[in-house]
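Novice: Input: one structure, supplied below.
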Amino acid sequence: MATKAFAMSQKFCDLQSPMEPDFVSAQHLTGTTVMAVQFDGGVVIGADSRTTSGAYVANRVTDKLTRITDKIYCCRSGSAADTQAIADIVAYHLSVHQLEIGEEPLVKTAAKIFQDLCYTNRDQMSAGIICAGWDRKEGGQVYCIPLGGMCLRQPVTIGGSGSTYIYGYVDAIYKPNMAQNACLEFTKNAISLAIQRDGSSGGVVRLASITEAGIERQTILHNDLPKFSVI
Amino acid sequence: MSIMAYNGAAIMAMKGKNCVAIAADTRFGIQAQTVSTKFQKIFELGPRLYIGLAGLATDVQTVSERLKFRVNLYELRENRRVKPKTLLSVVSNLLYERRFGPYFVEPVIAGLDDVTSEPFVASLDLIGCPMVTEDFVVSGTCSEQMYGMCESVWSPDLDPDQLFEAISQALLNAADRDAVSGWGAVVHIIEKDKVTTRTLKARMD
């Protein structure tokens, strides 16, 4: 999953003093599991809360569900610095755009700006983003913008290092036209499964549902997560 | 990635009043992926003598098997149980024999002397340098975190129950700050007349 940029920056890391532990110089990465599901009337987004620096857990309560506008959010995975910077820029553009058009911006517009930034700067960045939200024209939408900078609308999408463990689960469980509560349950279960297997994902599960009424957030602590024990 | 961090581990041992404790996480993983949550890293080499092995999982298993072999032969020849301090030398020798192609393990020893019941903890690096301490030893991918926790919770002359609390909190909270350690933990409290083994309810992330 390493991009050229990441590999280049690792070369500079080799100049570190040999006595220094890894986490002093390692990049902050959101190892991560993120997910977004569209339902009739909005979207559900979810993420874990672990940021790692090498193997060190730098932040165990990260918020990876970042506001772009009141009804458009993004799920960040990859380099913490890159995704924070991109999200800030997109939020800025959209707030100006909102003033210019006098109404709430479209999710498609946000996704396009994400794509533009991620594609143009693809060589220097390590950012996997899911842009999801609600607008008056198309309702709930989910757009995934993975590493190279493509943009694709999908009814359900997963991202981050932990997502590899739940492709089968998502494929098996997802059905079109699920209700909001079913989507929340589905997202919670999927992220819990990924957290159980992926070392780079963990902490709490953050869920949010975005509808015409706005966003409703919840945080689920470790003890309240569903237990799937096979291992 | 470093070979010592390929599988991930968190192991520590602490001295108490007439007792010792040794604890380890139970994760077996391959880099970021967790494969099993029931992997044994602490091995019994005598009724009150335990060794914990952190590092590459294949070497954890191989070293524990080869060490058991050497200890068995020692006990047959000497017709008595091996002392903790002597075990330290046996392990050191085993590891240094492979000085230029080492086993990627960093062992931790905890036990009570067979005759005097004196508590003993020690650790070694991967090429067999022994270190005996009067308080605690740690080993694994989150050793910096474990040192911090041990320095905070340990005090001299803890009784078995207090020692259990201290080592459990130290291990769990250190492993929670490491992406490749955790997913379960086991603690052995070794006293003069009994050994109590408990599994801790740990975070499975």
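Chain identifiers are assigned as A, B, and so on, following the order in which chains appear in the structure tokens; residues are numbered from 1 within each chain, and ligands are numbered from 1 in order of appearance.
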So which residues touch region 123-139 of chain B within 7 Å, counting only C-alpha atoms, skipping near sequence neighbours fewer than 3 positions away, as an NGL selection string?
Specialist: :B and (10-15 or 54 or 88 or 91-93 or 95-96 or 99 or 102-109 or 143 or 146-147)
Novice: Taking the DSSP secondary structure from the backbone, can you list the residues of region 146-181 of chain A that are alpha helix (DSSP H), as a list in words?
Specialist: Tyr167, Gly168, Tyr169, Val170, Asp171, Ala172, Ile173, Gln180 and Asn181 of chain A
Novice: Pull N, CA and C atoms from the residues just selected and write them as a PDB file, in the first residue's frame.
Specialist:
```pdb
ATOM      1  N   TYR A 167     -14.275  -7.584   3.559  1.00  0.00           N
ATOM      2  CA  TYR A 167     -14.884  -7.577   2.227  1.00  0.00           C
ATOM      3  C   TYR A 167     -15.926  -8.683   2.117  1.00  0.00           C
ATOM      4  N   GLY A 168     -15.563  -9.874   2.593  1.00  0.00           N
ATOM      5  CA  GLY A 168     -16.494 -10.993   2.526  1.00  0.00           C
ATOM      6  C   GLY A 168     -17.761 -10.723   3.316  1.00  0.00           C
ATOM      7  N   TYR A 169     -17.574 -10.183   4.540  1.00  0.00           N
ATOM      8  CA  TYR A 169     -18.727  -9.907   5.398  1.00  0.00           C
ATOM      9  C   TYR A 169     -19.653  -8.882   4.741  1.00  0.00           C
ATOM     10  N   VAL A 170     -19.078  -7.811   4.227  1.00  0.00           N
ATOM     11  CA  VAL A 170     -19.882  -6.748   3.601  1.00  0.00           C
ATOM     12  C   VAL A 170     -20.617  -7.293   2.380  1.00  0.00           C
ATOM     13  N   ASP A 171     -19.907  -8.053   1.539  1.00  0.00           N
ATOM     14  CA  ASP A 171     -20.548  -8.629   0.354  1.00  0.00           C
ATOM     15  C   ASP A 171     -21.708  -9.536   0.740  1.00  0.00           C
ATOM     16  N   ALA A 172     -21.519 -10.306   1.821  1.00  0.00           N
ATOM     17  CA  ALA A 172     -22.555 -11.271   2.209  1.00  0.00           C
ATOM     18  C   ALA A 172     -23.769 -10.594   2.825  1.00  0.00           C
ATOM     19  N   ILE A 173     -23.552  -9.565   3.629  1.00  0.00           N
ATOM     20  CA  ILE A 173     -24.648  -8.993   4.430  1.00  0.00           C
ATOM     21  C   ILE A 173     -25.384  -7.873   3.719  1.00  0.00           C
ATOM     22  N   GLN A 180     -32.355   2.652   7.992  1.00  0.00           N
ATOM     23  CA  GLN A 180     -31.278   3.357   8.681  1.00  0.00           C
ATOM     24  C   GLN A 180     -30.710   2.547   9.837  1.00  0.00           C
ATOM     25  N   ASN A 181     -31.590   1.963  10.670  1.00  0.00           N
ATOM     26  CA  ASN A 181     -31.100   1.198  11.814  1.00  0.00           C
ATOM     27  C   ASN A 181     -30.336  -0.040  11.409  1.00  0.00           C
TER      28      ASN A 181
END
```
Novice: If we count only C-alpha atoms, what is near Val186 (chain B) at a cut-off of 7 Å, once residues fewer than 5 positions away on the same chain are taken out, given as a ChimeraX atom specification?
Specialist: /B:23-25,198-200
Novice: Which neighbours of Phe186 (chain A) fall inside 12 Å, counting only C-alpha atoms, when residues of the same chain fewer than 4 positions from it are skipped, and could you give them as a PyMOL selection string?
Specialist: chain A and resi 35-39+44-46+156+166+169-175+178-182+190-193+207+226
Novice: Each residue of chain B with at least one atom at most 10 Å from chain A should appear once, together with its nearest atom pair and the corresponding distance in Å (one decimal); atoms considered: only C-alpha atoms; ordering: chain, then increasing residue number; output as JSON lines.
Specialist:
```
{"residue": "B:Met1", "atom": "CA", "partner": "A:Gly54", "partner_atom": "CA", "distance": 9.2}
{"residue": "B:Ser2", "atom": "CA", "partner": "A:Asp22", "partner_atom": "CA", "distance": 9.7}
{"residue": "B:Ala5", "atom": "CA", "partner": "A:Ala55", "partner_atom": "CA", "distance": 8.4}
{"residue": "B:Gly8", "atom": "CA", "partner": "A:Ala55", "partner_atom": "CA", "distance": 9.2}
{"residue": "B:Arg27", "atom": "CA", "partner": "A:Ile231", "partner_atom": "CA", "distance": 9.9}
{"residue": "B:Gly29", "atom": "CA", "partner": "A:Gly199", "partner_atom": "CA", "distance": 8.4}
{"residue": "B:Ile30", "atom": "CA", "partner": "A:Gly199", "partner_atom": "CA", "distance": 9.5}
{"residue": "B:Gln31", "atom": "CA", "partner": "A:Gly199", "partner_atom": "CA", "distance": 7.8}
{"residue": "B:Ala32", "atom": "CA", "partner": "A:Gly199", "partner_atom": "CA", "distance": 4.5}
{"residue": "B:Gln33", "atom": "CA", "partner": "A:Asp198", "partner_atom": "CA", "distance": 5.0}
{"residue": "B:Thr34", "atom": "CA", "partner": "A:Arg197", "partner_atom": "CA", "distance": 4.9}
{"residue": "B:Val35", "atom": "CA", "partner": "A:Ile231", "partner_atom": "CA", "distance": 7.0}
{"residue": "B:Ser36", "atom": "CA", "partner": "A:Ile231", "partner_atom": "CA", "distance": 5.1}
{"residue": "B:Thr37", "atom": "CA", "partner": "A:Ile231", "partner_atom": "CA", "distance": 5.8}
{"residue": "B:Lys38", "atom": "CA", "partner": "A:Ile231", "partner_atom": "CA", "distance": 7.6}
{"residue": "B:Thr141", "atom": "CA", "partner": "A:Ala55", "partner_atom": "CA", "distance": 8.0}
{"residue": "B:Cys142", "atom": "CA", "partner": "A:Tyr56", "partner_atom": "CA", "distance": 7.7}
{"residue": "B:Glu144", "atom": "CA", "partner": "A:Pro21", "partner_atom": "CA", "distance": 8.6}
{"residue": "B:Gln145", "atom": "CA", "partner": "A:Tyr56", "partner_atom": "CA", "distance": 9.1}
{"residue": "B:Ala175", "atom": "CA", "partner": "A:Val57", "partner_atom": "CA", "distance": 9.5}
{"residue": "B:Asp176", "atom": "CA", "partner": "A:Val57", "partner_atom": "CA", "distance": 7.8}
{"residue": "B:Arg177", "atom": "CA", "partner": "A:Val57", "partner_atom": "CA", "distance": 4.8}
{"residue": "B:Asp178", "atom": "CA", "partner": "A:Tyr56", "partner_atom": "CA", "distance": 4.9}
{"residue": "B:Ala179", "atom": "CA", "partner": "A:Gly199", "partner_atom": "CA", "distance": 4.9}
{"residue": "B:Val180", "atom": "CA", "partner": "A:Gly199", "partner_atom": "CA", "distance": 5.6}
{"residue": "B:Ser181", "atom": "CA", "partner": "A:Gly199", "partner_atom": "CA", "distance": 8.2}
{"residue": "B:Gly182", "atom": "CA", "partner": "A:Gly199", "partner_atom": "CA", "distance": 9.5}
{"residue": "B:Trp183", "atom": "CA", "partner": "A:Gln196", "partner_atom": "CA", "distance": 8.2}
{"residue": "B:Arg203", "atom": "CA", "partner": "A:His222", "partner_atom": "CA", "distance": 7.2}
{"residue": "B:Met204", "atom": "CA", "partner": "A:Gln196", "partner_atom": "CA", "distance": 6.0}
{"residue": "B:Asp205", "atom": "CA", "partner": "A:Gly202", "partner_atom": "CA", "distance": 4.9}
```
Novice: Find the residues near Gly139 (chain A): any atom within 8 Å, counting only C-alpha atoms, skip ones fewer than 6 places away on the same chain, and give them as a list of chain:residue names.
Specialist: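 Here the answer would be A:Asp40, A:Gly41, A:Gly42.
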Novice: Go ahead and write the selection's residues with N, CA, C and O atoms as a CSV table (one decimal), in the first residue's frame.
Specialist:
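File result.csv, as written:
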```
chain,number,residue,atom,x,y,z
A,40,ASP,N,-32.1,4.9,2.1
A,40,ASP,CA,-33.1,5.8,1.5
A,40,ASP,C,-33.3,6.9,2.5
A,40,ASP,O,-33.9,6.8,3.5
A,41,GLY,N,-32.8,8.1,2.2
A,41,GLY,CA,-33.0,9.3,3.1
A,41,GLY,C,-31.6,9.8,3.7
A,41,GLY,O,-31.6,10.7,4.4
A,42,GLY,N,-30.5,9.1,3.4
A,42,GLY,CA,-29.3,9.5,3.9
A,42,GLY,C,-28.2,8.5,3.8
A,42,GLY,O,-28.2,7.6,3.0
```
Novice: From a DSSP calculation on the backbone, collect every residue of region 74-200 of chain B in strand (DSSP E or B) and output the set as number ranges by chain.
Specialist: B: 105-112, 119-124, 130-133, 136-140, 178, 185-191, 195-200
Novice: Go ahead and write the selection's residues with N, CA and C atoms as a short mmCIF file (atom, residue, chain, number, x, y, z; two decimals), in the first residue's frame.
Specialist:
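Contents of the output file selection.cif:
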```cif
data_model
loop_
_atom_site.label_atom_id
_atom_site.label_comp_id
_atom_site.auth_asym_id
_atom_site.auth_seq_id
_atom_site.Cartn_x
_atom_site.Cartn_y
_atom_site.Cartn_z
N VAL B 105 14.59 -13.87 20.05
CA VAL B 105 13.75 -13.87 21.24
C VAL B 105 14.46 -13.09 22.32
N GLU B 106 13.68 -12.45 23.21
CA GLU B 106 14.24 -11.78 24.38
C GLU B 106 13.52 -12.33 25.60
N PRO B 107 14.17 -13.30 26.29
CA PRO B 107 13.48 -14.01 27.37
C PRO B 107 13.41 -13.21 28.67
N VAL B 108 12.44 -13.63 29.48
CA VAL B 108 12.24 -13.06 30.82
C VAL B 108 12.05 -14.24 31.76
N ILE B 109 12.80 -14.27 32.86
CA ILE B 109 12.73 -15.41 33.79
C ILE B 109 12.15 -14.94 35.10
N ALA B 110 11.25 -15.73 35.68
CA ALA B 110 10.72 -15.41 37.01
C ALA B 110 10.58 -16.71 37.79
N GLY B 111 10.99 -16.70 39.04
CA GLY B 111 10.85 -17.92 39.83
C GLY B 111 11.28 -17.73 41.27
N LEU B 112 11.02 -18.78 42.07
CA LEU B 112 11.48 -18.80 43.46
C LEU B 112 12.55 -19.88 43.57
N PRO B 119 12.75 -14.86 45.91
CA PRO B 119 12.23 -14.44 44.59
C PRO B 119 13.36 -14.03 43.65
N PHE B 120 13.15 -14.28 42.36
CA PHE B 120 14.19 -13.99 41.36
C PHE B 120 13.52 -13.57 40.07
N VAL B 121 13.95 -12.44 39.49
CA VAL B 121 13.54 -12.08 38.13
C VAL B 121 14.77 -11.67 37.34
N ALA B 122 14.77 -11.97 36.04
CA ALA B 122 15.89 -11.60 35.19
C ALA B 122 15.42 -11.57 33.75
N SER B 123 16.20 -10.90 32.91
CA SER B 123 15.91 -10.93 31.48
C SER B 123 17.21 -11.01 30.71
N LEU B 124 17.07 -11.33 29.40
CA LEU B 124 18.26 -11.40 28.55
C LEU B 124 17.93 -10.76 27.22
N PRO B 130 22.82 -11.44 30.20
CA PRO B 130 21.87 -11.58 31.32
C PRO B 130 21.77 -10.28 32.12
N MET B 131 20.58 -10.03 32.65
CA MET B 131 20.38 -8.87 33.52
C MET B 131 19.49 -9.28 34.67
N VAL B 132 19.99 -9.14 35.90
CA VAL B 132 19.20 -9.47 37.09
C VAL B 132 18.80 -8.15 37.74
N THR B 133 17.51 -8.03 38.06
CA THR B 133 17.07 -6.78 38.70
C THR B 133 16.37 -7.10 40.02
N PHE B 136 11.66 -5.31 38.54
CA PHE B 136 10.86 -5.89 37.46
C PHE B 136 11.70 -5.97 36.19
N VAL B 137 11.23 -6.78 35.27
CA VAL B 137 11.84 -6.83 33.94
C VAL B 137 10.73 -6.84 32.90
N VAL B 138 11.02 -6.27 31.73
CA VAL B 138 10.02 -6.23 30.66
C VAL B 138 10.68 -6.64 29.36
N SER B 139 9.86 -7.09 28.42
CA SER B 139 10.39 -7.50 27.13
C SER B 139 9.27 -7.47 26.10
N GLY B 140 9.58 -7.00 24.89
CA GLY B 140 8.56 -7.03 23.86
C GLY B 140 8.53 -5.75 23.03
N ASP B 178 -0.02 -0.33 22.13
CA ASP B 178 0.82 -0.97 21.12
C ASP B 178 -0.10 -1.65 20.12
N ALA B 185 -4.55 -11.69 27.80
CA ALA B 185 -3.35 -11.71 28.65
C ALA B 185 -3.49 -12.80 29.70
N VAL B 186 -2.32 -13.32 30.14
CA VAL B 186 -2.31 -14.35 31.19
C VAL B 186 -1.27 -13.94 32.24
N VAL B 187 -1.61 -14.19 33.51
CA VAL B 187 -0.72 -13.83 34.62
C VAL B 187 -0.50 -15.05 35.50
N HIS B 188 0.76 -15.31 35.87
CA HIS B 188 1.05 -16.38 36.84
C HIS B 188 1.61 -15.72 38.09
N ILE B 189 0.99 -16.01 39.25
CA ILE B 189 1.55 -15.53 40.52
C ILE B 189 2.19 -16.73 41.21
N ILE B 190 3.50 -16.63 41.46
CA ILE B 190 4.25 -17.78 41.98
C ILE B 190 4.57 -17.54 43.45
N GLU B 191 3.99 -18.37 44.31
CA GLU B 191 4.29 -18.26 45.74
C GLU B 191 4.95 -19.54 46.21
N VAL B 195 0.99 -21.88 42.73
CA VAL B 195 1.06 -20.97 41.59
C VAL B 195 -0.36 -20.70 41.13
N THR B 196 -0.74 -19.43 41.06
CA THR B 196 -2.09 -19.08 40.61
C THR B 196 -2.01 -18.51 39.21
N THR B 197 -2.77 -19.10 38.30
CA THR B 197 -2.76 -18.62 36.92
C THR B 197 -4.12 -18.01 36.62
N ARG B 198 -4.09 -16.78 36.09
CA ARG B 198 -5.36 -16.12 35.76
C ARG B 198 -5.27 -15.54 34.35
N THR B 199 -6.40 -15.63 33.61
CA THR B 199 -6.44 -14.91 32.33
C THR B 199 -7.15 -13.60 32.57
N LEU B 200 -6.59 -12.53 31.98
CA LEU B 200 -7.17 -11.21 32.18
C LEU B 200 -8.17 -10.91 31.08
#
```
Novice: Quick one: residues within 8 Å of Val71 (chain B), only C-alpha atoms counted, chain neighbours fewer than 2 positions away excluded, as a VMD selection string?
Specialist: chain B and resid 45 67 to 69 73 to 75 82 87
Novice: I need the residues from that last selection saved to file as an mmCIF file, in the first residue's frame (with N, CA, C and O atoms), if you can.
Specialist:
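Okay, again_12.cif is ready:
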```cif
data_model
loop_
_atom_site.group_PDB
_atom_site.id
_atom_site.type_symbol
_atom_site.label_atom_id
_atom_site.label_comp_id
_atom_site.auth_asym_id
_atom_site.auth_seq_id
_atom_site.Cartn_x
_atom_site.Cartn_y
_atom_site.Cartn_z
ATOM 1 N N LEU B 45 9.228 -24.281 33.589
ATOM 2 C CA LEU B 45 10.440 -25.110 33.557
ATOM 3 C C LEU B 45 10.711 -25.759 34.900
ATOM 4 O O LEU B 45 11.739 -26.375 35.106
ATOM 5 N N LEU B 67 15.220 -25.434 25.207
ATOM 6 C CA LEU B 67 15.568 -25.136 26.591
ATOM 7 C C LEU B 67 15.036 -26.216 27.514
ATOM 8 O O LEU B 67 15.733 -26.658 28.436
ATOM 9 N N LYS B 68 13.825 -26.658 27.277
ATOM 10 C CA LYS B 68 13.219 -27.726 28.091
ATOM 11 C C LYS B 68 14.091 -28.972 28.008
ATOM 12 O O LYS B 68 14.313 -29.651 29.002
ATOM 13 N N PHE B 69 14.594 -29.233 26.801
ATOM 14 C CA PHE B 69 15.483 -30.381 26.592
ATOM 15 C C PHE B 69 16.714 -30.265 27.471
ATOM 16 O O PHE B 69 17.093 -31.212 28.172
ATOM 17 N N LEU B 73 17.803 -32.623 30.840
ATOM 18 C CA LEU B 73 19.081 -33.338 30.988
ATOM 19 C C LEU B 73 19.816 -32.889 32.241
ATOM 20 O O LEU B 73 20.393 -33.695 32.965
ATOM 21 N N TYR B 74 19.773 -31.578 32.512
ATOM 22 C CA TYR B 74 20.409 -31.044 33.726
ATOM 23 C C TYR B 74 19.838 -31.721 34.958
ATOM 24 O O TYR B 74 20.575 -32.176 35.842
ATOM 25 N N GLU B 75 18.512 -31.805 35.009
ATOM 26 C CA GLU B 75 17.861 -32.355 36.201
ATOM 27 C C GLU B 75 18.115 -33.853 36.336
ATOM 28 O O GLU B 75 18.201 -34.372 37.448
ATOM 29 N N VAL B 82 16.553 -27.277 38.733
ATOM 30 C CA VAL B 82 17.490 -26.200 38.390
ATOM 31 C C VAL B 82 17.088 -24.931 39.138
ATOM 32 O O VAL B 82 15.903 -24.624 39.287
ATOM 33 N N LEU B 87 19.408 -21.301 35.674
ATOM 34 C CA LEU B 87 18.647 -21.280 34.418
ATOM 35 C C LEU B 87 19.043 -20.078 33.580
ATOM 36 O O LEU B 87 19.167 -20.168 32.355
#
```
